[in-house]
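Below is one structure; the comments refer to it alone.
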Amino acid sequence: MSGRPAARRTVLKGAALAGAAGLGAAACSTDSKLGHAQVPTPTGPVDLGAAGEVPVGGARLYREQRLVVHCPSEGRYRAFSAQCTHAGCVLDKVEGTEGNCPCHGSRFDVTTGTALKGPATVPLPEVEVRVRNGKLVAGPEA
């Protein structure tokens with residue numbers, strides 16, 4: 001009889017581990033469009049400060065506002081959500097024209113929003129951005 005309880009415990013442990021693994025796989029699904037992001041883009045205008053702080057040909061990460069802004073040429077700007085489309089983590093840095101997600105290593109082209117390296121496969125959502133009185137304002141009605 002000592003063999004039966006051990007076998008039963010082994011089966012129960014295996015079932016519990018399989019269930020936990022399934023939950024973990026679902027949480028890191030690459031099918032996610034927004035990851036855990038409830039609202040990945042601003043719902044109202046967001047003041048980002050002086051437009052000149054974004055270098056021409058470069059980009060600047062506004063981590064607290066969850067935005068990244070690219071300046072392709074003098075006076076022109078494109079903004080994207082800085083919230084990873086895989087699991088909703090906020091990008092932690094921009095190197096050249098690539099944004100890095102610290103959670104699972106996804107990388108994005110901050111000039112287009114395109115996912116360059118997974119697990120993210122969906123591009124960063126674009127956000128409207130304008131210059132008002134020398135300052136960048138992003139979001140709806142920007």
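Residue numbering restarts at 1 in every chain; chains get A, B, ... in the order shown in the structure tokens, and ligands count up from 1 in that same order.
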
For Ala50 in chain A, find every residue with an atom within 10 Å (counting only C-alpha atoms), except residues of its own chain fewer than 3 positions away, and show them as an mmCIF file with N, CA and C atoms, in the first residue's frame.
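So the final result, stored in out04.cif, reads:
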```
data_model
loop_
_atom_site.group_PDB
_atom_site.id
_atom_site.type_symbol
_atom_site.label_atom_id
_atom_site.label_comp_id
_atom_site.auth_asym_id
_atom_site.auth_seq_id
_atom_site.Cartn_x
_atom_site.Cartn_y
_atom_site.Cartn_z
ATOM 1 N N ASP A 47 0.854 67.259 -21.917
ATOM 2 C CA ASP A 47 1.943 68.211 -22.180
ATOM 3 C C ASP A 47 3.270 67.497 -21.956
ATOM 4 N N GLU A 53 13.444 69.404 -27.103
ATOM 5 C CA GLU A 53 14.075 68.345 -26.323
ATOM 6 C C GLU A 53 14.141 67.017 -27.074
ATOM 7 N N VAL A 54 13.432 66.929 -28.195
ATOM 8 C CA VAL A 54 13.496 65.727 -29.027
ATOM 9 C C VAL A 54 14.463 66.037 -30.166
ATOM 10 N N VAL A 131 2.695 70.557 -31.960
ATOM 11 C CA VAL A 131 3.470 71.576 -31.260
ATOM 12 C C VAL A 131 2.552 72.767 -31.032
ATOM 13 N N ARG A 132 2.460 73.191 -29.763
ATOM 14 C CA ARG A 132 1.665 74.373 -29.385
ATOM 15 C C ARG A 132 2.557 75.275 -28.551
ATOM 16 N N ASN A 133 2.774 76.486 -29.054
ATOM 17 C CA ASN A 133 3.603 77.453 -28.327
ATOM 18 C C ASN A 133 4.967 76.876 -27.961
ATOM 19 N N GLY A 134 5.561 76.118 -28.880
ATOM 20 C CA GLY A 134 6.899 75.548 -28.665
ATOM 21 C C GLY A 134 6.923 74.295 -27.814
ATOM 22 N N LYS A 135 5.743 73.815 -27.373
ATOM 23 C CA LYS A 135 5.684 72.624 -26.544
ATOM 24 C C LYS A 135 4.970 71.492 -27.278
ATOM 25 N N LEU A 136 5.398 70.266 -26.995
ATOM 26 C CA LEU A 136 4.733 69.097 -27.557
ATOM 27 C C LEU A 136 3.525 68.751 -26.695
ATOM 28 N N VAL A 137 2.409 68.484 -27.376
ATOM 29 C CA VAL A 137 1.198 68.035 -26.715
ATOM 30 C C VAL A 137 0.749 66.784 -27.465
#
```
